[in-house]
file model_34.cif (mmCIF, C-alpha atoms)
data_run
loop_
_atom_site.group_PDB
_atom_site.id
_atom_site.type_symbol
_atom_site.label_atom_id
_atom_site.label_comp_id
_atom_site.auth_asym_id
_atom_site.auth_seq_id
_atom_site.Cartn_x
_atom_site.Cartn_y
_atom_site.Cartn_z
ATOM 1 C CA MET Q 17 40.344 -4.779 39.720
ATOM 2 C CA ASN Q 18 41.497 -1.663 37.990
ATOM 3 C CA LEU Q 19 39.996 0.345 35.160
ATOM 4 C CA THR Q 20 41.872 -1.404 32.323
ATOM 5 C CA GLU Q 21 40.728 -4.849 33.504
ATOM 6 C CA LEU Q 22 37.153 -3.627 33.782
ATOM 7 C CA THR Q 23 37.329 -2.175 30.254
ATOM 8 C CA ALA Q 24 38.717 -5.465 28.917
ATOM 9 C CA TYR Q 25 35.896 -7.477 30.550
ATOM 10 C CA ILE Q 26 33.274 -5.094 29.147
ATOM 11 C CA GLN Q 27 34.764 -5.439 25.668
ATOM 12 C CA ILE Q 28 34.690 -9.243 25.941
ATOM 13 C CA VAL Q 29 31.047 -9.194 27.068
ATOM 14 C CA VAL Q 30 30.046 -6.838 24.227
ATOM 15 C CA LEU Q 31 31.828 -9.024 21.662
ATOM 16 C CA ALA Q 32 30.102 -12.123 23.056
ATOM 17 C CA ILE Q 33 26.688 -10.423 22.806
ATOM 18 C CA VAL Q 34 27.388 -9.335 19.211
ATOM 19 C CA ALA Q 35 28.508 -12.872 18.298
ATOM 20 C CA ILE Q 36 25.344 -14.371 19.800
ATOM 21 C CA CYS Q 37 23.160 -11.850 17.913
ATOM 22 C CA VAL Q 38 24.932 -12.600 14.619
ATOM 23 C CA GLY Q 39 24.443 -16.316 15.190
ATOM 24 C CA ILE Q 40 20.746 -15.894 15.914
ATOM 25 C CA SER Q 41 20.310 -13.669 12.866
ATOM 26 C CA THR Q 42 22.103 -16.148 10.618
ATOM 27 C CA SER Q 43 20.039 -19.073 11.869
ATOM 28 C CA ILE Q 44 16.767 -17.159 11.398
ATOM 29 C CA GLU Q 45 17.790 -16.225 7.856
ATOM 30 C CA TYR Q 46 18.724 -19.841 7.065
ATOM 31 C CA PHE Q 47 15.434 -21.270 8.319
ATOM 32 C CA ALA Q 48 13.437 -18.509 6.648
ATOM 33 C CA LYS Q 49 15.031 -19.247 3.278
ATOM 34 C CA LYS Q 50 14.578 -22.971 3.721
ATOM 35 C CA SER Q 51 10.910 -22.769 4.641
ATOM 36 C CA ALA Q 52 9.962 -19.936 2.288
ATOM 37 C CA LYS Q 53 7.133 -20.884 -0.007
ATOM 38 C CA PRO Q 54 7.130 -19.516 -3.531
ATOM 39 C CA LEU Q 55 4.917 -16.482 -3.930
ATOM 40 C CA PRO Q 56 1.757 -17.049 -5.940
ATOM 41 C CA LYS Q 57 1.437 -15.381 -9.304
ATOM 42 C CA GLN Q 58 -0.639 -12.263 -9.343
ATOM 43 C CA VAL Q 59 -4.200 -13.171 -10.122
ATOM 44 C CA MET Q 60 -6.158 -10.635 -12.094
ATOM 45 C CA THR Q 61 -9.747 -9.908 -11.192
ATOM 46 C CA ILE Q 62 -12.484 -10.015 -13.780
ATOM 47 C CA ASP Q 63 -12.683 -6.203 -13.699
ATOM 48 C CA GLU Q 64 -8.984 -5.881 -14.500
ATOM 49 C CA ILE Q 65 -9.253 -8.361 -17.350
ATOM 50 C CA ALA Q 66 -12.305 -6.504 -18.663
ATOM 51 C CA LYS Q 67 -10.374 -3.214 -18.709
ATOM 52 C CA PHE Q 68 -7.625 -4.814 -20.768
ATOM 53 C CA VAL Q 69 -9.934 -6.483 -23.282
ATOM 54 C CA VAL Q 70 -11.992 -3.292 -23.713
ATOM 55 C CA SER Q 71 -8.813 -1.298 -24.335
ATOM 56 C CA GLU Q 72 -7.683 -3.884 -26.846
ATOM 57 C CA ALA Q 73 -11.072 -3.951 -28.577
ATOM 58 C CA ALA Q 74 -11.042 -0.144 -28.839
ATOM 59 C CA THR Q 75 -8.049 -0.373 -31.150
ATOM 60 C CA LEU Q 76 -9.859 -2.658 -33.619
ATOM 61 C CA ASP Q 77 -11.294 -1.192 -36.808
ATOM 62 C CA ILE Q 78 -14.773 -2.744 -36.516
ATOM 63 C CA SER Q 79 -18.212 -1.623 -35.337
ATOM 64 C CA GLY Q 80 -19.059 -1.106 -31.665
ATOM 65 C CA ALA Q 81 -21.238 -4.206 -31.437
ATOM 66 C CA GLU Q 82 -18.488 -6.363 -32.941
ATOM 67 C CA LYS Q 83 -15.965 -4.840 -30.510
ATOM 68 C CA LYS Q 84 -18.209 -5.789 -27.603
ATOM 69 C CA VAL Q 85 -18.598 -9.364 -28.882
ATOM 70 C CA LYS Q 86 -14.807 -9.699 -29.297
ATOM 71 C CA ALA Q 87 -14.182 -8.200 -25.848
ATOM 72 C CA VAL Q 88 -16.680 -10.541 -24.187
ATOM 73 C CA GLN Q 89 -15.150 -13.549 -25.946
ATOM 74 C CA ALA Q 90 -11.641 -12.452 -24.968
ATOM 75 C CA LEU Q 91 -12.780 -12.044 -21.355
ATOM 76 C CA LEU Q 92 -14.370 -15.497 -21.334
ATOM 77 C CA ASP Q 93 -11.220 -17.032 -22.844
ATOM 78 C CA GLN Q 94 -8.942 -15.365 -20.297
ATOM 79 C CA ALA Q 95 -11.205 -16.322 -17.398
ATOM 80 C CA LYS Q 96 -11.252 -19.914 -18.608
ATOM 81 C CA GLN Q 97 -7.459 -19.885 -18.866
ATOM 82 C CA GLU Q 98 -7.220 -18.686 -15.242
ATOM 83 C CA ASN Q 99 -9.804 -21.254 -14.085
ATOM 84 C CA LYS Q 100 -12.371 -18.623 -13.119
ATOM 85 C CA PRO Q 101 -15.978 -19.599 -13.652
ATOM 86 C CA VAL Q 102 -17.595 -16.672 -15.478
ATOM 87 C CA THR Q 103 -20.926 -16.749 -17.239
ATOM 88 C CA GLU Q 104 -21.517 -14.907 -20.480
ATOM 89 C CA THR Q 105 -23.931 -12.536 -18.733
ATOM 90 C CA VAL Q 106 -21.309 -11.580 -16.147
ATOM 91 C CA ALA Q 107 -18.713 -11.149 -18.886
ATOM 92 C CA LYS Q 108 -21.031 -8.839 -20.831
ATOM 93 C CA GLY Q 109 -21.679 -6.806 -17.700
ATOM 94 C CA ALA Q 110 -17.979 -6.559 -16.859
ATOM 95 C CA VAL Q 111 -17.133 -5.453 -20.402
ATOM 96 C CA GLN Q 112 -19.924 -2.860 -20.361
ATOM 97 C CA HIS Q 113 -18.795 -1.575 -16.959
ATOM 98 C CA ALA Q 114 -15.178 -1.313 -18.148
ATOM 99 C CA TYR Q 115 -16.340 0.533 -21.274
ATOM 100 C CA ASP Q 116 -18.443 2.942 -19.182
ATOM 101 C CA GLN Q 117 -15.493 3.644 -16.896
ATOM 102 C CA MET Q 118 -13.207 4.208 -19.882
ATOM 103 C CA ALA Q 119 -15.727 6.625 -21.432
ATOM 104 C CA ALA Q 120 -16.145 8.487 -18.126
ATOM 105 C CA ASP Q 121 -12.382 8.790 -17.695
ATOM 106 C CA LYS Q 122 -12.030 10.061 -21.265
ATOM 107 C CA ALA Q 123 -14.802 12.640 -20.743
ATOM 108 C CA LYS Q 124 -13.208 13.785 -17.503
ATOM 109 C CA GLU Q 125 -9.826 14.123 -19.220
ATOM 110 C CA GLU Q 126 -11.348 16.141 -22.076
ATOM 111 C CA ALA Q 127 -13.113 18.431 -19.602
ATOM 112 C CA THR Q 128 -9.835 19.018 -17.800
ATOM 113 C CA GLN Q 129 -8.104 19.809 -21.083
ATOM 114 C CA ASP Q 130 -10.888 22.243 -22.021
ATOM 115 C CA GLN Q 131 -10.501 24.007 -18.676
ATOM 116 C CA ASP Q 132 -6.753 24.231 -19.179
ATOM 117 C CA LYS Q 133 -7.256 25.636 -22.684
ATOM 118 C CA ASP Q 134 -9.649 28.332 -21.405
ATOM 119 C CA ALA Q 135 -7.343 29.356 -18.566
ATOM 120 C CA GLN Q 136 -5.635 32.717 -18.961
ATOM 121 C CA PRO Q 137 -2.168 33.469 -17.605
ATOM 122 C CA VAL Q 138 -2.056 35.619 -14.506
ATOM 123 C CA GLY Q 139 -0.785 39.108 -15.321
ATOM 124 C CA PHE Q 140 1.513 41.226 -13.233
ATOM 125 C CA VAL Q 141 0.720 44.586 -11.695
ATOM 126 C CA SER Q 142 2.294 47.247 -13.898
ATOM 127 C CA GLY Q 143 4.224 48.867 -11.021
ATOM 128 C CA PHE Q 144 6.211 45.690 -10.495
ATOM 129 C CA VAL Q 145 6.952 45.238 -14.181
ATOM 130 C CA SER Q 146 8.195 48.781 -14.786
ATOM 131 C CA GLY Q 147 11.395 48.141 -12.876
ATOM 132 C CA ASP Q 148 11.032 51.250 -10.719
ATOM 133 C CA ASP Q 149 12.835 50.282 -7.505
ATOM 134 C CA SER Q 150 12.895 53.732 -5.965
ATOM 135 C CA ASP Q 151 10.336 52.730 -3.304
ATOM 136 C CA ALA Q 152 12.207 49.555 -2.470
ATOM 137 C CA LYS Q 153 15.376 51.339 -1.317
ATOM 138 C CA ASP Q 154 15.606 51.956 2.428
#

call {"tool": "encode", "arguments": {"input": "model_34.cif", "output": "structure tokens"}}
result
Amino acid sequence: MNLTELTAYIQIVVLAIVAICVGISTSIEYFAKKSAKPLPKQVMTIDEIAKFVVSEAATLDISGAEKKVKAVQALLDQAKQENKPVTETVAKGAVQHAYDQMAADKAKEEATQDQDKDAQPVGFVSGFVSGDDSDAKD
């Protein structure tokens, strides 16, 4: 057996291995597609729903107590639509918690903006600004 025959046999073996791998990959893909179950829809938690209804209620032009009543009712309606058993007490607590978080986030954002407003730009040392490069030459 010479070198060309050995090279030909190696090429045949490599091609056979590649063909087997492609066949295995294709069969796995076929069975995976066939047995794939549809993904469930994303289910929102009560806290997430509460955040949305509080944000929506904040845009209404009514008093705070009326906003809370509307937000609680909207939360109860959405929970009922998603088949989640939620009592009115839990809904009120979730709405209040979402409101408290929204107020805390707003206060934090305002504090950050106040800090940014009070910040002064960093000045340069006058020797660098003058443009005198005589010391920089070697």

call {"tool": "closest_residue", "arguments": {"input": "model_34.cif", "among": "Q:Ile65, Q:Leu31, Q:Cys37, Q:Val88", "to": "Gly109 (chain Q)", "atoms": "only C-alpha atoms"}}
result
Q:Val88

call {"tool": "atom_distance", "arguments": {"input": "model_34.cif", "atom1": "CA of Leu91 (chain Q)", "atom2": "CA of Ala110 (chain Q)"}}
result
8.8 Å

call {"tool": "closest_residue", "arguments": {"input": "model_34.cif", "among": "Q:Ile78, Q:Ile40, Q:Met17, Q:Val69", "to": "Tyr115 (chain Q)", "atoms": "all atoms listed in the file"}}
result
Q:Val69

call {"tool": "closest_residue", "arguments": {"input": "model_34.cif", "among": "Q:Ala123, Q:Val111, Q:Ala48, Q:Val30", "to": "Lys83 (chain Q)", "atoms": "all atoms listed in the file"}}
result
Q:Val111

call {"tool": "atom_distance", "arguments": {"input": "model_34.cif", "atom1": "CA of Glu72 (chain Q)", "atom2": "CA of Asp121 (chain Q)"}}
result
16.3 Å
